[in-house]
>>> print(open('query-v4.cif').read())   # mmCIF, C-alpha atoms
data_input
loop_
_atom_site.group_PDB
_atom_site.id
_atom_site.type_symbol
_atom_site.label_atom_id
_atom_site.label_comp_id
_atom_site.auth_asym_id
_atom_site.auth_seq_id
_atom_site.Cartn_x
_atom_site.Cartn_y
_atom_site.Cartn_z
ATOM 1 C CA LEU M 26 0.000 0.000 0.000
ATOM 2 C CA THR M 27 2.962 2.301 0.525
ATOM 3 C CA GLN M 28 4.466 1.775 -2.920
ATOM 4 C CA PRO M 29 2.156 3.855 -5.168
ATOM 5 C CA SER M 30 3.207 7.047 -3.391
ATOM 6 C CA VAL M 31 6.862 5.922 -3.231
ATOM 7 C CA VAL M 32 6.936 5.179 -6.968
ATOM 8 C CA MET M 33 5.242 8.413 -7.983
ATOM 9 C CA PHE M 34 6.501 10.898 -5.423
ATOM 10 C CA TYR M 35 9.786 9.633 -3.984
ATOM 11 C CA TYR M 36 11.377 7.920 -6.991
ATOM 12 C CA LEU M 37 10.259 10.507 -9.559
ATOM 13 C CA LYS M 38 11.521 13.289 -7.286
ATOM 14 C CA LEU M 39 14.926 11.593 -7.125
ATOM 15 C CA LEU M 40 15.061 11.114 -10.891
ATOM 16 C CA CYS M 41 14.149 14.741 -11.591
ATOM 17 C CA PHE M 42 15.936 16.374 -8.628
ATOM 18 C CA PRO M 43 18.773 14.073 -7.482
ATOM 19 C CA PHE M 44 19.868 15.858 -4.339
ATOM 20 C CA ASN M 45 19.475 15.245 -0.615
ATOM 21 C CA LEU M 46 19.930 11.529 -1.271
ATOM 22 C CA ASN M 47 19.678 9.138 1.647
ATOM 23 C CA ILE M 48 20.739 5.498 1.852
ATOM 24 C CA ASP M 49 17.949 4.755 4.376
ATOM 25 C CA PRO M 50 15.104 7.231 3.770
ATOM 26 C CA ASP M 51 12.260 7.777 6.201
ATOM 27 C CA ILE M 52 9.218 6.518 4.340
ATOM 28 C CA VAL M 53 5.947 6.504 6.248
ATOM 29 C CA TRP M 54 4.145 3.161 6.103
ATOM 30 C CA VAL M 55 0.659 3.158 4.622
ATOM 31 C CA LYS M 56 -1.305 0.684 6.711
ATOM 32 C CA SER M 57 -4.809 0.833 5.269
ATOM 33 C CA ILE M 58 -6.429 1.163 1.882
ATOM 34 C CA GLY M 59 -8.249 4.255 3.138
ATOM 35 C CA ASP M 60 -5.010 6.172 3.715
ATOM 36 C CA LEU M 61 -4.714 9.419 1.749
ATOM 37 C CA ALA M 62 -1.096 8.669 0.722
ATOM 38 C CA PHE M 63 -2.206 5.456 -0.992
ATOM 39 C CA TRP M 64 -4.956 7.180 -2.956
ATOM 40 C CA LEU M 65 -2.747 10.131 -3.906
ATOM 41 C CA GLY M 66 -0.218 7.643 -5.290
ATOM 42 C CA VAL M 67 -2.885 5.762 -7.245
ATOM 43 C CA VAL M 68 -4.336 8.996 -8.645
ATOM 44 C CA ALA M 69 -0.816 10.137 -9.572
ATOM 45 C CA ILE M 70 -0.154 6.871 -11.430
ATOM 46 C CA VAL M 71 -3.444 7.103 -13.348
ATOM 47 C CA GLY M 72 -2.817 10.808 -14.066
ATOM 48 C CA PHE M 73 0.737 10.065 -15.215
ATOM 49 C CA LEU M 74 -0.497 7.408 -17.646
ATOM 50 C CA PHE M 75 -3.369 9.602 -18.851
ATOM 51 C CA PHE M 76 -1.110 12.633 -19.366
ATOM 52 C CA THR M 77 1.492 10.535 -21.173
ATOM 53 C CA SER M 78 -1.095 9.026 -23.483
ATOM 54 C CA ARG M 79 -2.649 12.439 -24.257
ATOM 55 C CA PHE M 80 0.419 14.706 -24.396
ATOM 56 C CA PHE M 81 2.540 12.295 -26.409
ATOM 57 C CA LYS M 82 0.276 11.132 -29.209
ATOM 58 C CA SER M 83 2.263 7.984 -29.950
ATOM 59 C CA ARG M 84 1.695 4.741 -28.059
ATOM 60 C CA LEU M 85 5.458 4.442 -27.866
ATOM 61 C CA PHE M 86 5.536 7.084 -25.125
ATOM 62 C CA LEU M 87 2.828 5.310 -23.187
ATOM 63 C CA PHE M 88 5.104 2.279 -23.420
ATOM 64 C CA PHE M 89 7.928 4.267 -21.777
ATOM 65 C CA ALA M 90 5.621 5.401 -18.970
ATOM 66 C CA LEU M 91 4.495 1.821 -18.465
ATOM 67 C CA TRP M 92 8.134 0.722 -18.645
ATOM 68 C CA TYR M 93 8.906 2.870 -15.595
ATOM 69 C CA LEU M 94 5.997 1.442 -13.633
ATOM 70 C CA ILE M 95 6.357 -2.188 -14.704
ATOM 71 C CA VAL M 96 10.105 -2.367 -14.108
ATOM 72 C CA LEU M 97 9.680 -0.920 -10.609
ATOM 73 C CA THR M 98 6.785 -3.199 -9.674
ATOM 74 C CA PRO M 99 8.678 -6.437 -8.924
ATOM 75 C CA SER M 100 11.338 -4.805 -6.757
ATOM 76 C CA SER M 101 9.097 -2.372 -4.929
ATOM 77 C CA SER M 102 5.756 -4.121 -4.621
ATOM 78 C CA ILE M 103 5.671 -7.827 -5.417
ATOM 79 C CA VAL M 104 8.914 -9.102 -3.873
ATOM 80 C CA THR M 105 8.948 -8.191 -0.199
ATOM 81 C CA LEU M 106 12.146 -6.356 0.681
ATOM 82 C CA LEU M 107 13.278 -4.739 3.905
ATOM 83 C CA ASP M 108 13.426 -1.230 2.436
ATOM 84 C CA LEU M 109 10.344 0.685 1.382
ATOM 85 C CA ALA M 110 12.506 2.722 -0.981
ATOM 86 C CA ALA M 111 15.988 2.283 -2.406
ATOM 87 C CA GLU M 112 17.459 4.402 -5.180
ATOM 88 C CA HIS M 113 19.068 1.438 -6.958
ATOM 89 C CA ARG M 114 15.605 0.140 -7.876
ATOM 90 C CA THR M 115 15.162 3.048 -10.295
ATOM 91 C CA TYR M 116 18.267 2.437 -12.423
ATOM 92 C CA LEU M 117 16.631 0.337 -15.121
ATOM 93 C CA ALA M 118 13.200 1.946 -14.734
ATOM 94 C CA SER M 119 14.627 5.450 -15.217
ATOM 95 C CA PHE M 120 15.154 4.804 -18.930
ATOM 96 C CA GLY M 121 11.426 5.287 -19.559
ATOM 97 C CA ILE M 122 11.309 8.539 -17.600
ATOM 98 C CA PHE M 123 14.406 9.932 -19.313
ATOM 99 C CA VAL M 124 12.934 9.222 -22.752
ATOM 100 C CA LEU M 125 9.784 11.086 -21.709
ATOM 101 C CA MET M 126 11.845 13.966 -20.294
ATOM 102 C CA ALA M 127 13.920 14.255 -23.480
ATOM 103 C CA THR M 128 10.790 14.219 -25.621
ATOM 104 C CA GLY M 129 9.164 16.807 -23.363
ATOM 105 C CA LEU M 130 12.272 19.011 -23.622
ATOM 106 C CA HIS M 131 12.121 18.774 -27.410
ATOM 107 C CA ALA M 132 8.418 19.699 -27.380
ATOM 108 C CA LEU M 133 9.090 22.628 -25.017
ATOM 109 C CA ALA M 134 11.836 23.924 -27.299
ATOM 110 C CA GLY M 135 9.389 23.744 -30.209
ATOM 111 C CA LEU M 136 6.810 25.768 -28.271
ATOM 112 C CA ILE M 137 9.273 28.457 -27.201
ATOM 113 C CA PHE M 138 11.282 28.852 -30.415
ATOM 114 C CA LYS M 139 10.198 28.621 -34.043
ATOM 115 C CA SER M 140 13.704 28.431 -35.479
ATOM 116 C CA PRO M 141 15.211 24.914 -35.502
ATOM 117 C CA ALA M 142 18.637 26.417 -34.768
ATOM 118 C CA LYS M 143 17.322 28.148 -31.634
ATOM 119 C CA GLN M 144 15.510 24.978 -30.579
ATOM 120 C CA HIS M 145 18.750 23.038 -30.952
ATOM 121 C CA SER M 146 20.716 25.662 -28.985
ATOM 122 C CA PHE M 147 18.106 25.668 -26.214
ATOM 123 C CA ILE M 148 18.191 21.877 -25.905
ATOM 124 C CA ILE M 149 22.016 21.859 -25.851
ATOM 125 C CA CYS M 150 22.065 24.562 -23.124
ATOM 126 C CA VAL M 151 19.552 22.670 -20.960
ATOM 127 C CA LEU M 152 21.471 19.414 -21.394
ATOM 128 C CA ILE M 153 24.805 21.066 -20.545
ATOM 129 C CA PHE M 154 23.218 22.601 -17.443
ATOM 130 C CA ALA M 155 21.719 19.242 -16.400
ATOM 131 C CA LEU M 156 24.998 17.414 -17.028
ATOM 132 C CA THR M 157 27.005 19.991 -15.058
ATOM 133 C CA ALA M 158 24.541 20.068 -12.159
ATOM 134 C CA ASN M 159 24.353 16.271 -11.954
ATOM 135 C CA GLY M 160 28.132 15.993 -12.193
ATOM 136 C CA LEU M 161 28.588 18.427 -9.297
ATOM 137 C CA LEU M 162 25.943 16.609 -7.257
ATOM 138 C CA THR M 163 27.738 13.320 -7.938
ATOM 139 C CA LEU M 164 31.067 14.739 -6.791
ATOM 140 C CA ARG M 165 29.417 16.052 -3.646
ATOM 141 C CA ARG M 166 27.704 12.741 -2.948
ATOM 142 C CA ASN M 167 30.971 10.868 -3.496
ATOM 143 C CA THR M 168 32.437 12.668 -0.481
ATOM 144 C CA VAL M 169 29.649 11.191 1.641
ATOM 145 C CA TRP M 170 30.329 7.696 0.283
ATOM 146 C CA ALA M 171 34.097 8.097 0.767
ATOM 147 C CA ASN M 172 34.010 6.144 4.011
ATOM 148 C CA GLU M 173 31.514 4.274 6.122
ATOM 149 C CA LEU M 174 31.613 6.785 8.973
ATOM 150 C CA ASP M 175 30.638 9.756 6.776
ATOM 151 C CA LEU M 176 27.935 7.723 5.027
ATOM 152 C CA TRP M 177 26.175 6.685 8.223
ATOM 153 C CA GLN M 178 26.592 10.114 9.860
ATOM 154 C CA ASP M 179 24.843 11.637 6.845
ATOM 155 C CA THR M 180 22.137 8.976 6.980
ATOM 156 C CA LEU M 181 21.555 9.440 10.702
ATOM 157 C CA LYS M 182 21.270 13.196 10.184
ATOM 158 C CA LYS M 183 18.626 12.697 7.466
ATOM 159 C CA SER M 184 16.788 9.811 9.196
ATOM 160 C CA PRO M 185 17.204 10.344 12.933
ATOM 161 C CA GLY M 186 14.291 8.088 13.879
ATOM 162 C CA LYS M 187 15.631 4.946 12.201
ATOM 163 C CA VAL M 188 17.634 2.233 13.933
ATOM 164 C CA ARG M 189 19.791 0.967 11.040
ATOM 165 C CA PRO M 190 21.792 4.212 10.626
ATOM 166 C CA LEU M 191 22.470 4.294 14.370
ATOM 167 C CA VAL M 192 23.617 0.661 14.455
ATOM 168 C CA ASN M 193 25.800 1.053 11.362
ATOM 169 C CA LEU M 194 27.285 4.303 12.674
ATOM 170 C CA GLY M 195 28.199 2.494 15.890
ATOM 171 C CA ARG M 196 29.789 -0.256 13.809
ATOM 172 C CA ALA M 197 31.765 2.320 11.806
ATOM 173 C CA TYR M 198 33.068 3.918 15.011
ATOM 174 C CA THR M 199 34.046 0.466 16.301
ATOM 175 C CA ILE M 200 35.944 -0.343 13.110
ATOM 176 C CA ILE M 201 38.018 2.859 13.282
ATOM 177 C CA GLY M 202 38.669 2.214 16.977
ATOM 178 C CA ASP M 203 36.600 5.079 18.407
ATOM 179 C CA ASP M 204 34.577 3.216 21.033
#
>>> encode(input="query-v4.cif", output="structure tokens")
Amino acid sequence: LTQPSVVMFYYLKLLCFPFNLNIDPDIVWVKSIGDLAFWLGVVAIVGFLFFTSRFFKSRLFLFFALWYLIVLTPSSSIVTLLDLAAEHRTYLASFGIFVLMATGLHALAGLIFKSPAKQHSFIICVLIFALTANGLLTLRRNTVWANELDLWQDTLKKSPGKVRPLVNLGRAYTIIGDD
């Protein structure tokens, strides 16, 4: 019941805005079918599929939207795992979203500029900005993953109510000899 909102709100947020990443995110459990988070996730999934089928006239784009959802389904909903959300589940599924984003960027360039040369320049500028921003975010995140102590300190700061970051931080302190 938790997964519709995780798939549509948490994973899509990470794919579009990959900052403030957390190895053990605080995801609130949805415990009943009447929970608002469940229904917001379901409505978001239906809206996403409807928008994709209407905005992109080709069925191919609906396929890419379905690709995202279907590839995530086994790892986030069918097979029971200990984590409600884990970024690595989106690696293969992200292909569908990135195709939709690239197509949307092309359509936006066509709406803003009439000249193909200006459209091309706009797309190149947006892609250079995205590449630079994601590269800088990756370098910054690599400093967190540089050692176990920094990783679990960052995780505990972002998820203070969870036990696993606390246990793993204690283990990291033990390994470096700081009892």
>>> residues_around(input="query-v4.cif", residues="Pro190 of chain M", least_positions_apart="5", cutoff="10 Å", atoms="all atoms listed in the file", output="list in words")
Ile48, Asp49, Leu176, Trp177, Gln178, Asp179, Thr180, Leu181, Lys182, Lys183, Ser184, Pro185, Gly195 and Arg196 of chain M
>>> resolve_selection(input="query-v4.cif", expression="the PyMOL selection byres ((chain M and resi 112-125) around 9)", output="ChimeraX atom specification")
/M:36-37,39-40,46-48,77,81,86,88-97,100-101,110-111,126-130
>>> closest_atom_pairs(input="query-v4.cif", of="segment 37-57 of chain M", to="segment 154-168 of chain M", cutoff="9 Å", atoms="all atoms listed in the file", output="CSV")
residue,atom,partner,partner_atom,distance
M:Pro43,CA,M:Asn159,CA,7.5
M:Phe44,CA,M:Leu162,CA,6.8
M:Asn45,CA,M:Arg166,CA,8.9
M:Leu46,CA,M:Arg166,CA,8.0
>>> residues_around(input="query-v4.cif", residues="Val53 of chain M", least_positions_apart="3", cutoff="10 Å", atoms="all atoms listed in the file", output="PyMOL selection string")
chain M and resi 27+31+50+56+62+109
>>> resolve_selection(input="query-v4.cif", expression="the PyMOL selection byres ((chain M and resi 132-136) around 12)", output="list in words")
Phe80, Phe81, Lys82, Leu125, Met126, Ala127, Thr128, Gly129, Leu130, His131, Ile137, Phe138, Lys139, Ser140, Pro141, Ala142, Lys143, Gln144, His145, Ser146, Phe147, Ile148, Ile149, Cys150 and Val151 of chain M
>>> decode(input="query-v4.cif", residues="segment 33-175 of chain M", atoms="C-alpha atoms", output="short mmCIF file (atom, residue, chain, number, x, y, z; two decimals), in the first residue's frame")
data_model
loop_
_atom_site.label_atom_id
_atom_site.label_comp_id
_atom_site.auth_asym_id
_atom_site.auth_seq_id
_atom_site.Cartn_x
_atom_site.Cartn_y
_atom_site.Cartn_z
CA MET M 33 5.24 8.41 -7.98
CA PHE M 34 6.50 10.90 -5.42
CA TYR M 35 9.79 9.63 -3.98
CA TYR M 36 11.38 7.92 -6.99
CA LEU M 37 10.26 10.51 -9.56
CA LYS M 38 11.52 13.29 -7.29
CA LEU M 39 14.93 11.59 -7.12
CA LEU M 40 15.06 11.11 -10.89
CA CYS M 41 14.15 14.74 -11.59
CA PHE M 42 15.94 16.37 -8.63
CA PRO M 43 18.77 14.07 -7.48
CA PHE M 44 19.87 15.86 -4.34
CA ASN M 45 19.48 15.24 -0.62
CA LEU M 46 19.93 11.53 -1.27
CA ASN M 47 19.68 9.14 1.65
CA ILE M 48 20.74 5.50 1.85
CA ASP M 49 17.95 4.76 4.38
CA PRO M 50 15.10 7.23 3.77
CA ASP M 51 12.26 7.78 6.20
CA ILE M 52 9.22 6.52 4.34
CA VAL M 53 5.95 6.50 6.25
CA TRP M 54 4.15 3.16 6.10
CA VAL M 55 0.66 3.16 4.62
CA LYS M 56 -1.31 0.68 6.71
CA SER M 57 -4.81 0.83 5.27
CA ILE M 58 -6.43 1.16 1.88
CA GLY M 59 -8.25 4.26 3.14
CA ASP M 60 -5.01 6.17 3.71
CA LEU M 61 -4.71 9.42 1.75
CA ALA M 62 -1.10 8.67 0.72
CA PHE M 63 -2.21 5.46 -0.99
CA TRP M 64 -4.96 7.18 -2.96
CA LEU M 65 -2.75 10.13 -3.91
CA GLY M 66 -0.22 7.64 -5.29
CA VAL M 67 -2.89 5.76 -7.24
CA VAL M 68 -4.34 9.00 -8.64
CA ALA M 69 -0.82 10.14 -9.57
CA ILE M 70 -0.15 6.87 -11.43
CA VAL M 71 -3.44 7.10 -13.35
CA GLY M 72 -2.82 10.81 -14.07
CA PHE M 73 0.74 10.06 -15.22
CA LEU M 74 -0.50 7.41 -17.65
CA PHE M 75 -3.37 9.60 -18.85
CA PHE M 76 -1.11 12.63 -19.37
CA THR M 77 1.49 10.54 -21.17
CA SER M 78 -1.10 9.03 -23.48
CA ARG M 79 -2.65 12.44 -24.26
CA PHE M 80 0.42 14.71 -24.40
CA PHE M 81 2.54 12.30 -26.41
CA LYS M 82 0.28 11.13 -29.21
CA SER M 83 2.26 7.98 -29.95
CA ARG M 84 1.69 4.74 -28.06
CA LEU M 85 5.46 4.44 -27.87
CA PHE M 86 5.54 7.08 -25.12
CA LEU M 87 2.83 5.31 -23.19
CA PHE M 88 5.10 2.28 -23.42
CA PHE M 89 7.93 4.27 -21.78
CA ALA M 90 5.62 5.40 -18.97
CA LEU M 91 4.49 1.82 -18.46
CA TRP M 92 8.13 0.72 -18.64
CA TYR M 93 8.91 2.87 -15.60
CA LEU M 94 6.00 1.44 -13.63
CA ILE M 95 6.36 -2.19 -14.70
CA VAL M 96 10.11 -2.37 -14.11
CA LEU M 97 9.68 -0.92 -10.61
CA THR M 98 6.79 -3.20 -9.67
CA PRO M 99 8.68 -6.44 -8.92
CA SER M 100 11.34 -4.80 -6.76
CA SER M 101 9.10 -2.37 -4.93
CA SER M 102 5.76 -4.12 -4.62
CA ILE M 103 5.67 -7.83 -5.42
CA VAL M 104 8.91 -9.10 -3.87
CA THR M 105 8.95 -8.19 -0.20
CA LEU M 106 12.15 -6.36 0.68
CA LEU M 107 13.28 -4.74 3.91
CA ASP M 108 13.43 -1.23 2.44
CA LEU M 109 10.34 0.69 1.38
CA ALA M 110 12.51 2.72 -0.98
CA ALA M 111 15.99 2.28 -2.41
CA GLU M 112 17.46 4.40 -5.18
CA HIS M 113 19.07 1.44 -6.96
CA ARG M 114 15.61 0.14 -7.88
CA THR M 115 15.16 3.05 -10.30
CA TYR M 116 18.27 2.44 -12.42
CA LEU M 117 16.63 0.34 -15.12
CA ALA M 118 13.20 1.95 -14.73
CA SER M 119 14.63 5.45 -15.22
CA PHE M 120 15.15 4.80 -18.93
CA GLY M 121 11.43 5.29 -19.56
CA ILE M 122 11.31 8.54 -17.60
CA PHE M 123 14.41 9.93 -19.31
CA VAL M 124 12.93 9.22 -22.75
CA LEU M 125 9.78 11.09 -21.71
CA MET M 126 11.85 13.97 -20.29
CA ALA M 127 13.92 14.25 -23.48
CA THR M 128 10.79 14.22 -25.62
CA GLY M 129 9.16 16.81 -23.36
CA LEU M 130 12.27 19.01 -23.62
CA HIS M 131 12.12 18.77 -27.41
CA ALA M 132 8.42 19.70 -27.38
CA LEU M 133 9.09 22.63 -25.02
CA ALA M 134 11.84 23.92 -27.30
CA GLY M 135 9.39 23.74 -30.21
CA LEU M 136 6.81 25.77 -28.27
CA ILE M 137 9.27 28.46 -27.20
CA PHE M 138 11.28 28.85 -30.41
CA LYS M 139 10.20 28.62 -34.04
CA SER M 140 13.70 28.43 -35.48
CA PRO M 141 15.21 24.91 -35.50
CA ALA M 142 18.64 26.42 -34.77
CA LYS M 143 17.32 28.15 -31.63
CA GLN M 144 15.51 24.98 -30.58
CA HIS M 145 18.75 23.04 -30.95
CA SER M 146 20.72 25.66 -28.98
CA PHE M 147 18.11 25.67 -26.21
CA ILE M 148 18.19 21.88 -25.90
CA ILE M 149 22.02 21.86 -25.85
CA CYS M 150 22.07 24.56 -23.12
CA VAL M 151 19.55 22.67 -20.96
CA LEU M 152 21.47 19.41 -21.39
CA ILE M 153 24.80 21.07 -20.55
CA PHE M 154 23.22 22.60 -17.44
CA ALA M 155 21.72 19.24 -16.40
CA LEU M 156 25.00 17.41 -17.03
CA THR M 157 27.00 19.99 -15.06
CA ALA M 158 24.54 20.07 -12.16
CA ASN M 159 24.35 16.27 -11.95
CA GLY M 160 28.13 15.99 -12.19
CA LEU M 161 28.59 18.43 -9.30
CA LEU M 162 25.94 16.61 -7.26
CA THR M 163 27.74 13.32 -7.94
CA LEU M 164 31.07 14.74 -6.79
CA ARG M 165 29.42 16.05 -3.65
CA ARG M 166 27.70 12.74 -2.95
CA ASN M 167 30.97 10.87 -3.50
CA THR M 168 32.44 12.67 -0.48
CA VAL M 169 29.65 11.19 1.64
CA TRP M 170 30.33 7.70 0.28
CA ALA M 171 34.10 8.10 0.77
CA ASN M 172 34.01 6.14 4.01
CA GLU M 173 31.51 4.27 6.12
CA LEU M 174 31.61 6.79 8.97
CA ASP M 175 30.64 9.76 6.78
#
